[in-house]
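Asks: Encoded as structure tokens, here's the structure I'll be asking about.
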There are 6 protein chains.
Amino acid sequence: MRILVANANTTEAITELCAASARAAASPGTEIIPATPRFGPAVIATRAENVIAGHALLTLLAGHAGAVDAVLLAVSHDTALEAARQLMPCPVVGMTEAACLTACLAGGRFGLATFGGTETYRERIAQHGLSGRLAGLIGVDATPQDAVRDPAGVALKLQDAIASLAGQGADSVVLGGAALAGMAPRLQPEAPVPLLDGIACGVRLLEMMVALGLPKPRLGSFAAPRGRVVGGVEAPLAALLRGG
Amino acid sequence: MRILVANANTTEAITELCAASARAAASPGTEIIPATPRFGPAVIATRAENVIAGHALLTLLAGHAGAVDAVLLAVSHDTALEAARQLMPCPVVGMTEAACLTACLAGGRFGLATFGGTETYRERIAQHGLSGRLAGLIGVDATPQDAVRDPAGVALKLQDAIASLAGQGADSVVLGGAALAGMAPRLQPEAPVPLLDGIACGVRLLEMMVALGLPKPRLGSFAAPRGRVVGGVEAPLAALLRGG
Amino acid sequence: MRILVANANTTEAITELCAASARAAASPGTEIIPATPRFGPAVIATRAENVIAGHALLTLLAGHAGAVDAVLLAVSHDTALEAARQLMPCPVVGMTEAACLTACLAGGRFGLATFGGTETYRERIAQHGLSGRLAGLIGVDATPQDAVRDPAGVALKLQDAIASLAGQGADSVVLGGAALAGMAPRLQPEAPVPLLDGIACGVRLLEMMVALGLPKPRLGSFAAPRGRVVGGVEAPLAALLRGG
Amino acid sequence: MRILVANANTTEAITELCAASARAAASPGTEIIPATPRFGPAVIATRAENVIAGHALLTLLAGHAGAVDAVLLAVSHDTALEAARQLMPCPVVGMTEAACLTACLAGGRFGLATFGGTETYRERIAQHGLSGRLAGLIGVDATPQDAVRDPAGVALKLQDAIASLAGQGADSVVLGGAALAGMAPRLQPEAPVPLLDGIACGVRLLEMMVALGLPKPRLGSFAAPRGRVVGGVEAPLAALLRGG
Amino acid sequence: MRILVANANTTEAITELCAASARAAASPGTEIIPATPRFGPAVIATRAENVIAGHALLTLLAGHAGAVDAVLLAVSHDTALEAARQLMPCPVVGMTEAACLTACLAGGRFGLATFGGTETYRERIAQHGLSGRLAGLIGVDATPQDAVRDPAGVALKLQDAIASLAGQGADSVVLGGAALAGMAPRLQPEAPVPLLDGIACGVRLLEMMVALGLPKPRLGSFAAPRGRVVGGVEAPLAALLRGG
Amino acid sequence: MRILVANANTTEAITELCAASARAAASPGTEIIPATPRFGPAVIATRAENVIAGHALLTLLAGHAGAVDAVLLAVSHDTALEAARQLMPCPVVGMTEAACLTACLAGGRFGLATFGGTETYRERIAQHGLSGRLAGLIGVDATPQDAVRDPAGVALKLQDAIASLAGQGADSVVLGGAALAGMAPRLQPEAPVPLLDGIACGVRLLEMMVALGLPKPRLGSFAAPRGRVVGGVEAPLAALLRGG
């Protein structure tokens, strides 16, 4: 099975970080194909960058349509997830979506800890219809750069956040954002509740989806595009939208 | 006051239709600047097209930043609305958002009638936090082409939908989608409840927002971008994301 | 255009404060007509006073029916709003409703700061169907009298509340209550997010509603009263309820 | 124990109907005191009438403060309920509130059948926080006059509505509105689920509240008014608002 | 009237505590029948114990079917409430359900204070559809044993929790859990809002339900079981499930 | 990997049906261990049976604790799911939970079709926090016996239900109930949207959970029981509750 791990920003180092997490989580026999968009934000930190990244991501995915069995969106806000799910002929899962749904299997309510702001996570979780399972969100005052410079200090801040979320009723904590990919194993021993890595959850959920072999819907807003005419996009994306 | 009426698809005829509605609704002294993206879908009918259109739309808007006082998104799903609101130095309103908020001033619950599917409208209204004010959605079985070919027949279907929504408890009905722009005046005489045209509502709400002169937030997820590095986008958009 | 700015308590000074805010916000050509009820509470501070003020307010409005183009309820809890909307032949908007809907155009979630208790605001915002857009409510420990006696001290408390609400995720803050009318311009320079004055928002929203010229619904619970028989109310109110 | 059964309209026949239902439901030793306002609507059928009736009702209640042990609001929309609860020194319950809360003890979800429109019931049940327990609302196309003229025909329509609500998942059905007071016993034998009469439920819930002897809250928005100055209201109401 | 006060754990002392509270709350003429299961947890502190207790409780109730007029579940999580309501030929009320519904009659929102964790209370209140009426939950750091050893210290902690909940907007506070049965009278004098004892509320609500004499639904998921075949359960329970 | 497929009723044929579905869905190397309770309902059709089955199911599971890697509850209402999740040292998933969460990965909203009543499914989905993703529920008028007697006729009814749910906006349809296990492959070719079999989804989700190797929470209401004393239960269950 070939799973595309698609970053939505152009920073290859993050793609590699996510691909490493994905490989660590994958079953034997699952091949991880890392992919990085050719245009768009270096890092997504604003709503506008997220929109641009959506186009970049769909372009990236279209170039792999038919050549992969599943797609994991390795981007914290599940950028363009529903569009990718409609567009692609294979299962598509977002990393935050994956972690949140897995959290639903691990207890009652879950928390989310991330670097920086939390409002867009709150919105995304609401769009997923999971607000009722959310115990709280904490934006740790640190950057991915801090995590490299002072890993122990940042780990401490994250542990505080995790403990605080558990105190608010979280039975598990999602580590939000690609920058936190791979940190779960290091933080888990001290944490009072299970920690969820979106990449690991996503890879395994995709293996499940591929195994189930569900057909695409033929009706409704997730049916494959047919006959759509879109200008100024790369050929593989245009072809997918044309359908047939 | 200069209001940009920005279509998100590349069909100039729809831009013109919306601009005409906008001019009819605008105050004296308000200038309507129609604008059409240079790339993207001819008509947005799928989730993937909506994502691509988001990029096209932000590109289009950035080219007008500083030259207009307000932006109306003349696209049914309020494509890239939150991103545009964060990005632009002036107020931005979406046409469906505008109609739904105006409906809140016209009664208790509102309905929405449109051509085709309704699920993505349902989602958008939920994202706006207005599900509790929504009495129902009806997707009339007709296309924009039908509306040109058989206006009387389509009007009849729309009147049925409006009456049905009123019967479900709607005190007003939003006509959803740019293809319905300008139809409210023709349908209103027979309709039992007020009909809301997103373009007309949007123009007037933007005049209000400009008059209020609210500053942009300096904190949070709607604060203007600063120092963002984004590759492969047109210069004005890159400049706005860089900020300063 | 003539906009009635109707206080719901009998304190003329508050009527004047609101009228001044309204005039400052109005378009050229909009005339502000202040009005104060002839009976009811000096200041509304309890649920019972709010009910009595509802009757007083409808009585006041009925006396102006046909002579004004729009009505702004200059009272913090949007007292009798839905009833006034049904009763009057022109658009009616409440000041808190106006600020909250405008806040929806200025960002994602909003906060509300006021003097005193916040539970009745929470309820009113829920009735407006906007709980999902509400980031938090803060009741500052101060009275309108304090604001006169110690404006700097009270401003400081309000700035703290505004900053705290922004920290809770509010992209804008509604200043709740007629006693805060006109304070937004003074507080705005220090505030990290836009501040919303219900009077200013309301005047501009009413100008929009008048311009749109929506008919009243002919069906449902906002259709104009007809043939209602009500004893012991003043003649203009009785006449409106009789209809015809 | 003395329970005031307070109508909110001026039609004595409805007061008597409700009082009869109340007496049929009351425990031995409970005295039912019927009361009718001296001003306000003959029948409440619009939002504006409901507001006026709120004032009339508080005036009526204040005249009985101290002389009764509990108050049942014999009016379908629980008019001025929260205000009355704050104002009065004894328990206050609304007839629709009473029926809906009792329905919660009789099964999972409940329906509501009434004469005429249902939107204001839907709003009231939402204000009570009970939307999640509501399976559906049906407004039977009949008037109280029809019920007198053609009781069998109206009963048939009501039975259809009750069966339909049961089919929608209602485990019980609230008969909404004072005009339906006393009809439950006649309809019950044919009905597949229990029928709830707000007057009967209210009387029994008030007996419970009196027996529990809960103090009034000293904090918050239901604490008794103190020092309120209200002009143009009758002396007993002014006195209650002054407090002390 | 005979009300079964059914504990769901096997600790007779708690049964006795609840029975004493029930007797103190009951009307003259109401007989309280305490009952303790013969198997199951000594104290319910985990989800698994709650499930086992459900079976034990239904077994216990079935043994009294036909011999009592009503059943009060004297167990904090309203264990097996809906099942008992379907099964038994008489009204059944849970103590937390009873307190929460009564709280709805005493103000707007309510709080809940208990010993230990609160997540399962949050879930139970959500299942009752009352989340919108819940202002907050506080789990006091104390055990029933502490309450015996150091009643004054525990009372102080509870008073702090009650005051804090009132500050969060609670107009009343439910004392959650059988271990707190009977503490309301001692804590009430110092408390700023009314305190609700589930046993007292439950007894009175059951007296109401018996007086109303509602039939069981003949349709839906609360209709009495018929023809069910269940092995390994005691004869009275098997008989009730067989029905007829 | 050993997955226990635990029926909650005593009908071995259903256990076998589910085990066959589970085996068809499992990865190579996954062993399916079917298990049937020794007491409880033959088929769960009432709330009371569901409670008894909860005890039977926990008893059954405890007998396998330590000997299996994961547990699938092969029972439509996810009987005792949260309790089992707390109790067992390995992942536990319910079949309806599994299908609903998988549906979230297959589109926007989902529907549910089953034999018989739907209210308890509606409640269970609400408890899972997924009401916002639910497009509708249809209870087909057929029994498991009908499905054996007249498979073509029942299939037709199910296809109608599936089409109707798709028309209501469902992007996929959950086949609810163990009696429908294994029917998805037969119905899928005609269905316009993917069909979800809870057993297949559950097996694959459990394989994911085992692979992720999440620790149990050490805090909160899903932490393993310790020191609980429970009488009258079988030794393995008592041992798990004692912990250590």
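We name chains A, B, ... following the order of the structure tokens; residues begin at 1 in each chain, and ligands are numbered from 1 as shown.
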Compile the contact shell of Ala166 (chain F) as a ChimeraX atom specification: residues with an atom at most 12 Å away, counting only C-alpha atoms, same-chain residues fewer than 4 positions apart removed.
Replies: /A:217-223 /B:117,119 /F:107-113,134-138,159-162,170-174,191-195
Asks: Contacts of Ala19 (chain F) at 9 Å or less, counting only C-alpha atoms, minus same-chain residues fewer than 2 places along, as a PyMOL selection string?
Replies: chain F and resi 5-6+14-17+21-24+32-35+74+199
Asks: How would the residues just chosen look if you wrote them out with N, CA, C and O atoms as an mmCIF file, in the first residue's frame?
Replies:
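Saved the output as selection.cif:
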```
data_model
loop_
_atom_site.group_PDB
_atom_site.id
_atom_site.type_symbol
_atom_site.label_atom_id
_atom_site.label_comp_id
_atom_site.auth_asym_id
_atom_site.auth_seq_id
_atom_site.Cartn_x
_atom_site.Cartn_y
_atom_site.Cartn_z
ATOM 1 N N VAL F 5 -14.463 -10.752 19.603
ATOM 2 C CA VAL F 5 -15.721 -10.226 19.059
ATOM 3 C C VAL F 5 -16.812 -10.684 20.010
ATOM 4 O O VAL F 5 -17.236 -11.849 19.995
ATOM 5 N N ALA F 6 -17.228 -9.744 20.855
ATOM 6 C CA ALA F 6 -18.109 -10.103 21.960
ATOM 7 C C ALA F 6 -19.537 -9.702 21.657
ATOM 8 O O ALA F 6 -19.850 -8.517 21.585
ATOM 9 N N ILE F 14 -25.964 -15.158 16.125
ATOM 10 C CA ILE F 14 -25.566 -13.768 15.863
ATOM 11 C C ILE F 14 -24.072 -13.608 16.108
ATOM 12 O O ILE F 14 -23.366 -12.923 15.351
ATOM 13 N N THR F 15 -23.585 -14.231 17.152
ATOM 14 C CA THR F 15 -22.138 -14.204 17.380
ATOM 15 C C THR F 15 -21.401 -14.730 16.153
ATOM 16 O O THR F 15 -20.411 -14.136 15.699
ATOM 17 N N GLU F 16 -21.931 -15.823 15.601
ATOM 18 C CA GLU F 16 -21.251 -16.423 14.447
ATOM 19 C C GLU F 16 -21.302 -15.516 13.223
ATOM 20 O O GLU F 16 -20.332 -15.383 12.484
ATOM 21 N N LEU F 17 -22.472 -14.899 13.029
ATOM 22 C CA LEU F 17 -22.639 -13.956 11.915
ATOM 23 C C LEU F 17 -21.609 -12.832 12.031
ATOM 24 O O LEU F 17 -20.926 -12.465 11.061
ATOM 25 N N SER F 21 -18.223 -11.889 9.662
ATOM 26 C CA SER F 21 -17.943 -10.548 9.138
ATOM 27 C C SER F 21 -16.582 -10.061 9.605
ATOM 28 O O SER F 21 -15.837 -9.431 8.853
ATOM 29 N N ALA F 22 -16.292 -10.318 10.851
ATOM 30 C CA ALA F 22 -15.025 -9.859 11.415
ATOM 31 C C ALA F 22 -13.855 -10.538 10.717
ATOM 32 O O ALA F 22 -12.858 -9.893 10.366
ATOM 33 N N ARG F 23 -13.996 -11.826 10.500
ATOM 34 C CA ARG F 23 -12.907 -12.548 9.838
ATOM 35 C C ARG F 23 -12.709 -12.038 8.409
ATOM 36 O O ARG F 23 -11.589 -11.890 7.928
ATOM 37 N N ALA F 24 -13.830 -11.745 7.745
ATOM 38 C CA ALA F 24 -13.741 -11.247 6.370
ATOM 39 C C ALA F 24 -13.036 -9.897 6.316
ATOM 40 O O ALA F 24 -12.409 -9.545 5.318
ATOM 41 N N ILE F 32 -9.725 -13.801 15.140
ATOM 42 C CA ILE F 32 -11.025 -13.387 15.685
ATOM 43 C C ILE F 32 -11.488 -14.428 16.685
ATOM 44 O O ILE F 32 -11.579 -15.613 16.362
ATOM 45 N N ILE F 33 -11.766 -13.968 17.900
ATOM 46 C CA ILE F 33 -12.218 -14.868 18.967
ATOM 47 C C ILE F 33 -13.674 -14.536 19.254
ATOM 48 O O ILE F 33 -13.967 -13.526 19.891
ATOM 49 N N PRO F 34 -14.615 -15.326 18.802
ATOM 50 C CA PRO F 34 -16.020 -15.009 19.093
ATOM 51 C C PRO F 34 -16.369 -15.374 20.532
ATOM 52 O O PRO F 34 -15.796 -16.321 21.090
ATOM 53 N N ALA F 35 -17.269 -14.619 21.092
ATOM 54 C CA ALA F 35 -17.658 -14.886 22.484
ATOM 55 C C ALA F 35 -19.108 -14.483 22.687
ATOM 56 O O ALA F 35 -19.564 -13.473 22.169
ATOM 57 N N ALA F 74 -19.884 -6.473 19.655
ATOM 58 C CA ALA F 74 -20.715 -6.799 18.506
ATOM 59 C C ALA F 74 -22.178 -6.666 18.891
ATOM 60 O O ALA F 74 -22.957 -7.627 18.883
ATOM 61 N N ILE F 199 -19.060 -4.081 12.144
ATOM 62 C CA ILE F 199 -18.096 -5.126 12.493
ATOM 63 C C ILE F 199 -16.811 -4.936 11.702
ATOM 64 O O ILE F 199 -15.697 -4.945 12.263
#
```
Asks: Quick one: which residues from chain C are at most 8 Å off chain D, using only C-alpha atoms, as number ranges by chain?
Replies: C: 38-43, 45-52, 54-55, 58, 80, 82-84, 86-87, 117, 119-120, 123, 127, 220-222, 225, 228-233, 241
Asks: Would you kindly return, as a ChimeraX atom specification, each protein, DNA or RNA residue with an atom no farther than 7 Å from any atom of Asp197 (chain D), considering only C-alpha atoms and excluding same-chain residues fewer than 3 positions away?
Replies: /D:99,174-175,181,184,200-201
Asks: So what do you get for CA of Leu180 (chain B) versus CA of Val92 (chain B), distance-wise?
Replies: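 Computing it gives 20.9 Å between the two atoms.
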Asks: Write out as a ChimeraX atom specification which residues come within 10 Å of Asp141 (chain F) when counting only C-alpha atoms, dropping same-chain ones fewer than 5 positions away.
Replies: /F:114-117,146,154,157-158
Asks: Write out as a list in words all residues of region 11-49 of chain B that backbone DSSP assigns to strand (DSSP E or B).
Replies: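 Here are the strand (DSSP E or B) residues of region 11-49 of chain B: Glu31, Ile32, Ile33, Pro34, Ala35, Gly40 and Pro41 of chain B.
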Asks: Include C-alpha atoms and write out the residues we just selected as an mmCIF file, in the first residue's frame.
Replies:
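Once written, part.cif looks like this:
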```cif
data_model
loop_
_atom_site.group_PDB
_atom_site.id
_atom_site.type_symbol
_atom_site.label_atom_id
_atom_site.label_comp_id
_atom_site.auth_asym_id
_atom_site.auth_seq_id
_atom_site.Cartn_x
_atom_site.Cartn_y
_atom_site.Cartn_z
ATOM 1 C CA GLU B 31 -18.853 53.166 -6.771
ATOM 2 C CA ILE B 32 -19.034 49.480 -7.675
ATOM 3 C CA ILE B 33 -15.818 47.989 -9.092
ATOM 4 C CA PRO B 34 -16.477 44.577 -10.650
ATOM 5 C CA ALA B 35 -13.611 42.129 -10.742
ATOM 6 C CA GLY B 40 -9.867 29.135 -11.570
ATOM 7 C CA PRO B 41 -13.249 27.554 -12.219
#
```
Asks: As number ranges by chain, please: every residue in region 73-207 of chain D that DSSP puts in alpha helix (DSSP H).
Replies: D: 81-87, 95-106, 119-127, 144-149, 151-167, 184-187, 198-207
